[in-house]
Structure formats: C-alpha cells, structure tokens
Amino acid sequence: MPGSDPVEDVLCTARNEATSLVEELREELTAIAESTRANPDDEHDVEGSTVAFERARVTGLLRMAELALHQIDDALDRCRAKTYGRCEGCGARIAAERLAALPAATRCRACATAPGTHPGLHRR
Ligand SMILES: [Zn+2]
C-alpha cells in the first residue's frame with residue numbers, strides 16, 4: 001500500500017472491513033441455503049419460518065454491506081480523482097468530522113438530511 005494519502009489509507013481499511021463482512025454474510029447465506037436444502041420440509045413448519053426469517057435478515061445485511069462496499073469504492077475513485085470530500089449536492093467541502101465518521105459520505109450533513117435526497121438506505 002502506497003500510504004501517501006491518509007484519506008486513502010482510511011478508505012482502504014474501511015474497504016477491507018466491508019469486503020470481509022460481505023464475504024462473511026455470503027458464507028452465512030450459503031450455509032442457510034444448504035441447511036434448507038438438507039431439510040426441504042423446514043419451509044413448512046415452525047423451524048422453517050425461522051430459517052426464512054434468518055435468510056431474509058442476512059440477505060438484508062448483505063445488501064447493505066454490498067452497498068457500503070460500493071460507496072467506499074466510489075469514495076476511493078473520488079479520492080484518486082481529487083474530488084473526494086466535496087458534497088455531491090451543493091459542492092461544498094464536507095466537514096472533516098463527518099468524513100471521519102462516514103468515510104464514504106458523498107454529501108454534506110445539510111444535503112444528506114434534506115428530504116427527498118437520501119439514496120434510500122434506511123427505507124422500511
Ligand atoms: Zn451539500
């Protein structure tokens with residue numbers, strides 16, 4: 001790792017963490033799928049609904065982890081293109097504290113919390 005840019009280092013570390021989380025969740029999903037295949041009747045009893053719930057839960061977590069990984073990749077691209085830390089919404093500099101907490105943030109706090117601009121991460 002070059003390590004010339006501290007921001008890039010933070011993003012690389014976050015990327016490694018996100019990658020291992022995605023791998024972990026994929027393995028978990030495979031394990032759930034295999035246990036369902038081993039006991040196909042499970043879908044129809046009480047245990048089965050637990051399996052279905054677990055699969056839905058892990059799938060949801062995996063989607064979020066993949067999205068986070070994607071956002072970190074984007075942030076790394078912006079970092080290399082020297083546009084990192086600029087708000088996509090208003091073009092202002094994103095506060096350093098915000099970037100420290102959310103290295104993949106693409107918007108300043110004001111734009112991120114503005115109604116109608118959120119990418120749907122917390123959709124219910
Ligand atoms: Zn903004």
# chains A, B, ... in the order shown; residues from 1 in each chain; ligands from 1
$ residues_near_ligand --ligand "ligand 1" --cutoff "8 Å" --atoms "only C-alpha atoms and all ligand atoms" --output "list in words"
Cys87, Glu88, Gly89, Cys90, Gly91, Ala92, Arg93, Ile94, Arg107, Cys108, Arg109, Ala110, Cys111 and Ala112 of chain A
$ residues_around --residues "Val22 (chain A)" --least-positions-apart "6" --cutoff "12 Å" --atoms "only C-alpha atoms" --output "PDB file with all heavy atoms, in the first residue's frame"
ATOM      1  N   ARG A  15     -12.506  -0.446   3.311  1.00  0.00           N
ATOM      2  CA  ARG A  15     -12.823  -1.338   2.199  1.00  0.00           C
ATOM      3  C   ARG A  15     -12.528  -2.800   2.581  1.00  0.00           C
ATOM      4  O   ARG A  15     -13.321  -3.692   2.310  1.00  0.00           O
ATOM      5  CB  ARG A  15     -12.002  -0.949   0.972  1.00  0.00           C
ATOM      6  CG  ARG A  15     -12.467  -1.661  -0.258  1.00  0.00           C
ATOM      7  CD  ARG A  15     -11.638  -1.350  -1.476  1.00  0.00           C
ATOM      8  NE  ARG A  15     -12.321  -1.877  -2.640  1.00  0.00           N
ATOM      9  CZ  ARG A  15     -12.337  -3.163  -2.956  1.00  0.00           C
ATOM     10  NH1 ARG A  15     -11.683  -4.037  -2.225  1.00  0.00           N
ATOM     11  NH2 ARG A  15     -13.006  -3.590  -4.003  1.00  0.00           N
ATOM     12  N   ASN A  16     -11.386  -3.005   3.250  1.00  0.00           N
ATOM     13  CA  ASN A  16     -11.044  -4.361   3.692  1.00  0.00           C
ATOM     14  C   ASN A  16     -12.099  -4.900   4.648  1.00  0.00           C
ATOM     15  O   ASN A  16     -12.498  -6.063   4.558  1.00  0.00           O
ATOM     16  CB  ASN A  16      -9.683  -4.373   4.387  1.00  0.00           C
ATOM     17  CG  ASN A  16      -8.546  -4.182   3.409  1.00  0.00           C
ATOM     18  OD1 ASN A  16      -8.712  -4.393   2.202  1.00  0.00           O
ATOM     19  ND2 ASN A  16      -7.391  -3.780   3.899  1.00  0.00           N
ATOM     20  N   GLU A  28     -22.646 -17.079   5.210  1.00  0.00           N
ATOM     21  CA  GLU A  28     -23.786 -17.342   6.086  1.00  0.00           C
ATOM     22  C   GLU A  28     -25.027 -17.695   5.255  1.00  0.00           C
ATOM     23  O   GLU A  28     -25.755 -18.633   5.581  1.00  0.00           O
ATOM     24  CB  GLU A  28     -24.062 -16.097   6.938  1.00  0.00           C
ATOM     25  CG  GLU A  28     -24.545 -16.424   8.334  1.00  0.00           C
ATOM     26  CD  GLU A  28     -24.642 -15.180   9.201  1.00  0.00           C
ATOM     27  OE1 GLU A  28     -23.637 -14.444   9.300  1.00  0.00           O
ATOM     28  OE2 GLU A  28     -25.711 -14.944   9.761  1.00  0.00           O
ATOM     29  N   LEU A  29     -25.243 -16.945   4.181  1.00  0.00           N
ATOM     30  CA  LEU A  29     -26.387 -17.213   3.297  1.00  0.00           C
ATOM     31  C   LEU A  29     -26.270 -18.594   2.654  1.00  0.00           C
ATOM     32  O   LEU A  29     -27.253 -19.321   2.557  1.00  0.00           O
ATOM     33  CB  LEU A  29     -26.462 -16.167   2.190  1.00  0.00           C
ATOM     34  CG  LEU A  29     -27.436 -15.009   2.346  1.00  0.00           C
ATOM     35  CD1 LEU A  29     -27.537 -14.250   1.032  1.00  0.00           C
ATOM     36  CD2 LEU A  29     -28.820 -15.486   2.752  1.00  0.00           C
ATOM     37  N   VAL A  58     -30.275 -11.985   6.815  1.00  0.00           N
ATOM     38  CA  VAL A  58     -28.897 -11.998   6.318  1.00  0.00           C
ATOM     39  C   VAL A  58     -28.833 -11.391   4.917  1.00  0.00           C
ATOM     40  O   VAL A  58     -27.887 -10.666   4.595  1.00  0.00           O
ATOM     41  CB  VAL A  58     -28.313 -13.439   6.336  1.00  0.00           C
ATOM     42  CG1 VAL A  58     -26.924 -13.472   5.729  1.00  0.00           C
ATOM     43  CG2 VAL A  58     -28.272 -13.960   7.769  1.00  0.00           C
ATOM     44  N   THR A  59     -29.870 -11.652   4.094  1.00  0.00           N
ATOM     45  CA  THR A  59     -29.903 -11.054   2.759  1.00  0.00           C
ATOM     46  C   THR A  59     -29.921  -9.532   2.859  1.00  0.00           C
ATOM     47  O   THR A  59     -29.201  -8.844   2.134  1.00  0.00           O
ATOM     48  CB  THR A  59     -31.147 -11.541   1.969  1.00  0.00           C
ATOM     49  OG1 THR A  59     -31.111 -12.965   1.904  1.00  0.00           O
ATOM     50  CG2 THR A  59     -31.153 -10.975   0.554  1.00  0.00           C
ATOM     51  N   GLY A  60     -30.723  -9.010   3.793  1.00  0.00           N
ATOM     52  CA  GLY A  60     -30.796  -7.569   4.001  1.00  0.00           C
ATOM     53  C   GLY A  60     -29.452  -6.995   4.429  1.00  0.00           C
ATOM     54  O   GLY A  60     -29.012  -5.963   3.924  1.00  0.00           O
ATOM     55  N   LEU A  61     -28.785  -7.693   5.348  1.00  0.00           N
ATOM     56  CA  LEU A  61     -27.473  -7.249   5.829  1.00  0.00           C
ATOM     57  C   LEU A  61     -26.457  -7.270   4.686  1.00  0.00           C
ATOM     58  O   LEU A  61     -25.629  -6.363   4.560  1.00  0.00           O
ATOM     59  CB  LEU A  61     -26.984  -8.149   6.968  1.00  0.00           C
ATOM     60  CG  LEU A  61     -27.698  -8.007   8.313  1.00  0.00           C
ATOM     61  CD1 LEU A  61     -27.188  -9.050   9.296  1.00  0.00           C
ATOM     62  CD2 LEU A  61     -27.472  -6.615   8.882  1.00  0.00           C
ATOM     63  N   LEU A  62     -26.545  -8.323   3.860  1.00  0.00           N
ATOM     64  CA  LEU A  62     -25.619  -8.451   2.728  1.00  0.00           C
ATOM     65  C   LEU A  62     -25.812  -7.304   1.743  1.00  0.00           C
ATOM     66  O   LEU A  62     -24.834  -6.712   1.275  1.00  0.00           O
ATOM     67  CB  LEU A  62     -25.830  -9.808   2.041  1.00  0.00           C
ATOM     68  CG  LEU A  62     -24.951 -10.097   0.819  1.00  0.00           C
ATOM     69  CD1 LEU A  62     -23.472 -10.055   1.170  1.00  0.00           C
ATOM     70  CD2 LEU A  62     -25.288 -11.459   0.217  1.00  0.00           C
ATOM     71  N   ARG A  63     -27.075  -6.968   1.431  1.00  0.00           N
ATOM     72  CA  ARG A  63     -27.360  -5.848   0.528  1.00  0.00           C
ATOM     73  C   ARG A  63     -26.709  -4.569   1.057  1.00  0.00           C
ATOM     74  O   ARG A  63     -26.096  -3.816   0.313  1.00  0.00           O
ATOM     75  CB  ARG A  63     -28.873  -5.610   0.417  1.00  0.00           C
ATOM     76  CG  ARG A  63     -29.621  -6.709  -0.240  1.00  0.00           C
ATOM     77  CD  ARG A  63     -29.692  -6.523  -1.750  1.00  0.00           C
ATOM     78  NE  ARG A  63     -29.791  -7.823  -2.421  1.00  0.00           N
ATOM     79  CZ  ARG A  63     -30.885  -8.572  -2.451  1.00  0.00           C
ATOM     80  NH1 ARG A  63     -31.978  -8.146  -1.884  1.00  0.00           N
ATOM     81  NH2 ARG A  63     -30.892  -9.740  -3.062  1.00  0.00           N
ATOM     82  N   MET A  64     -26.869  -4.342   2.377  1.00  0.00           N
ATOM     83  CA  MET A  64     -26.323  -3.124   2.974  1.00  0.00           C
ATOM     84  C   MET A  64     -24.802  -3.133   2.933  1.00  0.00           C
ATOM     85  O   MET A  64     -24.176  -2.111   2.661  1.00  0.00           O
ATOM     86  CB  MET A  64     -26.811  -2.975   4.413  1.00  0.00           C
ATOM     87  CG  MET A  64     -28.201  -2.356   4.471  1.00  0.00           C
ATOM     88  SD  MET A  64     -28.932  -2.417   6.111  1.00  0.00           S
ATOM     89  CE  MET A  64     -27.781  -1.399   7.012  1.00  0.00           C
ATOM     90  N   ALA A  65     -24.202  -4.315   3.193  1.00  0.00           N
ATOM     91  CA  ALA A  65     -22.741  -4.422   3.181  1.00  0.00           C
ATOM     92  C   ALA A  65     -22.208  -4.201   1.765  1.00  0.00           C
ATOM     93  O   ALA A  65     -21.193  -3.536   1.568  1.00  0.00           O
ATOM     94  CB  ALA A  65     -22.308  -5.786   3.718  1.00  0.00           C
ATOM     95  N   GLU A  66     -22.932  -4.744   0.768  1.00  0.00           N
ATOM     96  CA  GLU A  66     -22.510  -4.567  -0.626  1.00  0.00           C
ATOM     97  C   GLU A  66     -22.623  -3.111  -1.040  1.00  0.00           C
ATOM     98  O   GLU A  66     -21.754  -2.585  -1.744  1.00  0.00           O
ATOM     99  CB  GLU A  66     -23.363  -5.448  -1.551  1.00  0.00           C
ATOM    100  CG  GLU A  66     -22.946  -6.905  -1.510  1.00  0.00           C
ATOM    101  CD  GLU A  66     -23.865  -7.820  -2.297  1.00  0.00           C
ATOM    102  OE1 GLU A  66     -25.023  -7.436  -2.568  1.00  0.00           O
ATOM    103  OE2 GLU A  66     -23.433  -8.933  -2.631  1.00  0.00           O
ATOM    104  N   LEU A  67     -23.689  -2.459  -0.561  1.00  0.00           N
ATOM    105  CA  LEU A  67     -23.877  -1.038  -0.857  1.00  0.00           C
ATOM    106  C   LEU A  67     -22.752  -0.215  -0.225  1.00  0.00           C
ATOM    107  O   LEU A  67     -22.180   0.667  -0.852  1.00  0.00           O
ATOM    108  CB  LEU A  67     -25.250  -0.589  -0.341  1.00  0.00           C
ATOM    109  CG  LEU A  67     -25.652   0.856  -0.637  1.00  0.00           C
ATOM    110  CD1 LEU A  67     -25.732   1.090  -2.136  1.00  0.00           C
ATOM    111  CD2 LEU A  67     -26.993   1.182   0.004  1.00  0.00           C
ATOM    112  N   ALA A  68     -22.414  -0.554   1.022  1.00  0.00           N
ATOM    113  CA  ALA A  68     -21.343   0.157   1.720  1.00  0.00           C
ATOM    114  C   ALA A  68     -20.022  -0.023   0.978  1.00  0.00           C
ATOM    115  O   ALA A  68     -19.269   0.935   0.784  1.00  0.00           O
ATOM    116  CB  ALA A  68     -21.222  -0.354   3.154  1.00  0.00           C
ATOM    117  N   LEU A  69     -19.758  -1.256   0.529  1.00  0.00           N
ATOM    118  CA  LEU A  69     -18.533  -1.545  -0.216  1.00  0.00           C
ATOM    119  C   LEU A  69     -18.494  -0.729  -1.499  1.00  0.00           C
ATOM    120  O   LEU A  69     -17.463  -0.135  -1.845  1.00  0.00           O
ATOM    121  CB  LEU A  69     -18.477  -3.052  -0.526  1.00  0.00           C
ATOM    122  CG  LEU A  69     -17.241  -3.560  -1.258  1.00  0.00           C
ATOM    123  CD1 LEU A  69     -15.970  -3.244  -0.486  1.00  0.00           C
ATOM    124  CD2 LEU A  69     -17.341  -5.067  -1.486  1.00  0.00           C
ATOM    125  N   HIS A  70     -19.630  -0.665  -2.178  1.00  0.00           N
ATOM    126  CA  HIS A  70     -19.750   0.097  -3.417  1.00  0.00           C
ATOM    127  C   HIS A  70     -19.464   1.582  -3.154  1.00  0.00           C
ATOM    128  O   HIS A  70     -18.761   2.241  -3.926  1.00  0.00           O
ATOM    129  CB  HIS A  70     -21.161  -0.107  -3.970  1.00  0.00           C
ATOM    130  CG  HIS A  70     -21.389   0.552  -5.293  1.00  0.00           C
ATOM    131  ND1 HIS A  70     -20.805   0.094  -6.453  1.00  0.00           N
ATOM    132  CD2 HIS A  70     -22.111   1.646  -5.634  1.00  0.00           C
ATOM    133  CE1 HIS A  70     -21.179   0.889  -7.445  1.00  0.00           C
ATOM    134  NE2 HIS A  70     -21.963   1.831  -6.988  1.00  0.00           N
TER     135      HIS A  70
END
$ closest_residue --among "A:Gln71, A:Thr106, A:Ala96, A:Asp9" --to "Thr83 (chain A)" --atoms "only C-alpha atoms"
A:Thr106
$ select_by_dssp --residues "chain A" --states "helix (DSSP H, G or I)" --output "number ranges by chain"
A: 6-38, 40-44, 46-80, 96-101, 109-113
$ closest_residue --among "A:Cys12, A:Cys79, A:Ala101, A:Ala52" --to "Ile32 (chain A)" --atoms "only C-alpha atoms"
A:Ala52
